[in-house]
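Report on the following structure.
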Amino acid sequence: LRAAPPHCHRRTALERVEKFLSEIYFTDCNLRGRLFGDRCPPVSLSFFQTPRRIPYDEAVGQEFRPAKVGDSFGPTWETCWFKVELSIPQAWAGREVHFVWESDGEGMVWRDGQPVQVRRCGSGGRHLTLYVELACNGLFGAGKGSMIAPPDPDRRFTLSKAELVIFNRDVYELLVDLEILLDMAQLLGEENQRSFQALYTANQMVNMCDVTDPSTFPAARDLAAAIFSQRNGESQHTIHAVGHCHIDSAWLWPYEETIRKCARSWVTVVRLMERNPELTFACSQAQQFEWVRTWYPGLYTQIQEFVAKEQFIPVGGTWVEMDGNLPSGESMVRQFLQGQLFFQEQFGRICSEFWLPDTFGYSAQLPQLMRGCGIRRFLTQKLSWNLVNTFPHHTFFWEGIDGSRVLTHFPPGDSYGMHGRVEEMLKTVKNNKDKGRVNHSALLFGFGDGGGGPTQKMLDRMKRMSDTDGLPRVQISTPDRLFSVLEKESSQLCTWVGELFLELHNGTYTTQAQIKKGNRECERILHDVEVLSTLAMARGGMFQYPASQLQQLWRLLLLNQFHDVLPGSCIQLVVEDALQYYTEIRRVGARLQEEAVQSLCRELLQPKAGSTKSTLVLNTLPWERTEVISRTGPAGTETLGTSNAGVTHVSEFLTGAEAADKEIHVSPCPGQGLLTCQITPWDFIPLQTSSAFIPFSRKPVTMLLKPLEITLAGGLRGSVSFSLQIGKSSTLTQEIILDATCPYLRFLTQVEWKEAHKFLKVEFPVQVRSTNATYEIQFGHLQRPTHWNTSWDWARFEVWAHKWLDLSEHGFGVALLNDCKYGASAHGNILSLSLLRAPKSPDATADIAHHQFTYAVMPHLGSFQDAGVIQCAYNMNFPLHAVPASSAQCPAWSAFSVSSPAVVLETVKQAEDRPEAVVVRLYEAHGSTVVAWLQTSLPVKEAMLCDLLERPAAQGRLPLEQRGMRLSFTPFRVLTVLLVLRR
């Protein structure tokens, strides 16, 4: 085969080079077919199969039986261990020998008790015994028909190759040269002379090469080297290439498989670093480091060595790459706190970049939380998936709701899994929306999502492109080097204010309702355990704060906040694991809470004559509360007035209270719940017309199964109940409750949900007109439009909120509260809350279960701030704790109080590294500038401001005055106070 003459058509020339590389019909000129030379089968091949993921030491002791290439194994999620005996022929001495293993499962090679992922096997005459741990699942699980389909439980996995081969290094290098040249010829375009130079050089190489005579290869490679050595000018864009391997901590596979994915991927990286000392690899998620530390200590030691060499680079600073919307503010703080403490302890440094390539949106409170945890840089990629609008920047400052700013970079190639190809380099430069402002950008290379990481070929491609005329400069770099350069060039950067809203995956605000309920409940449990344990410790008794147990529970909760678990975009096996973890948090949390309460009771209760039964009520929120609670006994309910973040003793029932000034009004179909059609597995996508979006095909639920009836006639509590049929087999039962002194109407809801591709929403048309609605987010709130004027507006047809949303005009408004829901919207005058979904991928059973949840409607005068909507939403989510306390009495006792209703005391806990100190976290919730006084009855001897990692601030000492500690807040500012107690 000869190259085309200069006058030949360009396309013909390209085709001739491609044929030279891989045309299978011309074996005399098939270059790729000569990559491997002689082959040798194993001396022996045997295996055993197990449903468990067992360690190496246990595996090698099992009974192995014969296996052969072509055999199939399974079903899905089984594990096969293979014992491979190899003998390298003596005649291969001096040749580069590789072990080739091909199967459609994920495999890891072990030698001498350590994972090695070897490819090179040494010289002739050597004998090797290898073990291959084969997971019966693919890189992306075992979906049937599509990647995100539910796993096929009966899938089989085939062993296609197991052999020793001679690797022809000179053929490999020539292939990479020709690939780069061919890509340049194809992609630079006919208007670019470098395109023709690359093409003619490739043709000359084909003319020069005789594939049967490797001695002709060096001269051909010299031609390629001449092209690659022609340098760029100084103005050329510089790409900072960083090895990466985004591994979803759970998604289309369970947590246990992720542990093995980390080991398989990271040992590959370590082997590459041994051969390529220039390679850098950015790796996030402290949880994954902890898994490898626990299960693969030998590998972890090697990783620590490369961390010290600044090649293996911990990034992110969080426990996992969490969802960016749904975790509470305190949960997000703990993501950073647990992550940064781990990195400091294990590697002697904290992370300076927040690394969250793949998540479903980004809260406007994140910049402040990053800054409070020592992070001023942020890298992500997911907004390139926007459904409607193209995000206008790749490098910019992101400003949160409090005014905090972080330098933010989106890799312009719009991927965190590049392969080091010419096309990706050109795309990175072409896509960059901040040309002229910055001249540097990131390229993350390596197989990701399911693991894998960088390969040698990716590195070899980029070595050839490091400084080649016609292409951007490519350098192996680090996140710190990239951001340091961007910081120097940042004077012309634009600023984006507010949330980074992903216009896709809105359905993840609702899917897997049991996970979302578990998350909200466990956030409450851990909050209350910390408050009560801190108070028990501070009262001076013998109570031991359960620091290690709380850390374990927090880490379980943080793990479940991973961005494919809490959003519900995961398979059934992951859901089962997540619900089990919530059960564990509830079980241990209940015990820890009981121990703290009992200790408090011993400290607070005073003996009392007689045997009068009474109740001790504990309030874990920082304001006084007057509520109706239920308890067993003839009286049923009582009204309690409680102290701020403390306890109240109630010895007599308050009876005869009337609620005559409030009446319950219900329509024939209370709540007017609507069913809406589901369109795609994760997302519900609206239909676009010429003028706007039509969100759903909506059908009111009106079929009554049980008519409206009064269940409680009044007094302290009045309620009515009814039942509805949904579809052919689902039912909804509601009790609508109004308590004396309570400003909102509760809808206690139970649903037997058996639908497919349906969406249950509740809508409340209200007589309020406003162009914006307000939604609670972490440590604050933000406004979103109620109209669809622009594509940016109607792309947010479904948004997320935490405990409340509100629609208000001057002097009046209506709030919608909830105890475990996140999907919401306000369009025109209709407030909507998303209740349940029924997608079929990747979990075919998603939400098919019994559900119980509560939402509430709260009409109010004045603004939502003045009406106490924020406090009411907290009250509904953090119920009072009523403890029987017979034959004793207790004066009302308040541990903490805050002078301003605009300031919420969110967290009370023991300090991480100072057992004699207490950490108190507060935030400004109204969006105002305010001075607040924090008062406490704890024996405080010293107080100081600290950051979110609990490091004292410079000049942060707070005077202890008679009114307490003076704290100054700007809108939505989060303050953390360290209180050192007297002993």
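Every chain in the structure tokens has a letter given in the order shown (A, B, ...), and although residue numbers restart at 1 in each chain, ligands are simply numbered from 1 in the order shown.
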
**Study point:** Picked from stretch 837-982 of chain A by DSSP as strand (DSSP E), as an NGL selection string
**Key:** :A and (837 or 850-861 or 881-884 or 888-889 or 893-894 or 896-898 or 903-910 or 917-924 or 930-936 or 940-946 or 952-957 or 965-969 or 974-981)

Give me the residues within 10 Å of A:Ala149 as a JSON list (two decimals) with C-alpha atoms, in the first residue's frame, counting only C-alpha atoms and dropping any in the same chain fewer than 2 places off.
[["chain", "number", "residue", "atom", "x", "y", "z"],
["A", 141, "GLY", "CA", -23.19, -2.32, 36.46],
["A", 142, "ALA", "CA", -25.30, -4.82, 34.56],
["A", 143, "GLY", "CA", -28.13, -2.88, 32.93],
["A", 144, "LYS", "CA", -30.17, -4.72, 30.34],
["A", 145, "GLY", "CA", -30.72, -2.82, 27.10],
["A", 146, "SER", "CA", -29.37, 0.56, 28.28],
["A", 147, "MET", "CA", -26.80, 1.76, 30.76],
["A", 151, "PRO", "CA", -29.60, -4.64, 36.44],
["A", 152, "ASP", "CA", -30.18, -7.94, 34.67],
["A", 252, "LEU", "CA", -25.47, 1.33, 39.14],
["A", 571, "ILE", "CA", -30.34, 0.90, 41.64],
["A", 681, "PRO", "CA", -36.16, 7.49, 33.72],
["A", 840, "LYS", "CA", -38.61, 2.52, 36.29],
["A", 841, "SER", "CA", -34.91, 3.15, 35.75],
["A", 842, "PRO", "CA", -32.46, 2.46, 37.18],
["A", 843, "ASP", "CA", -34.65, 0.99, 39.96],
["A", 844, "ALA", "CA", -37.81, -0.67, 38.64]]

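Straight-line separation from atom CA of A:Gly714 to atom CA of A:Phe764: 24.6 Å.
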
Exercise for review: Grab the atom CA of A:Pro891 to atom CA of A:Pro915 distance for me, in Å with one decimal place.
Suggested key: 28.0 Å

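Computed from the coordinates, the atom CA of A:His244 to atom CA of A:Ile313 distance equals 9.8 Å.
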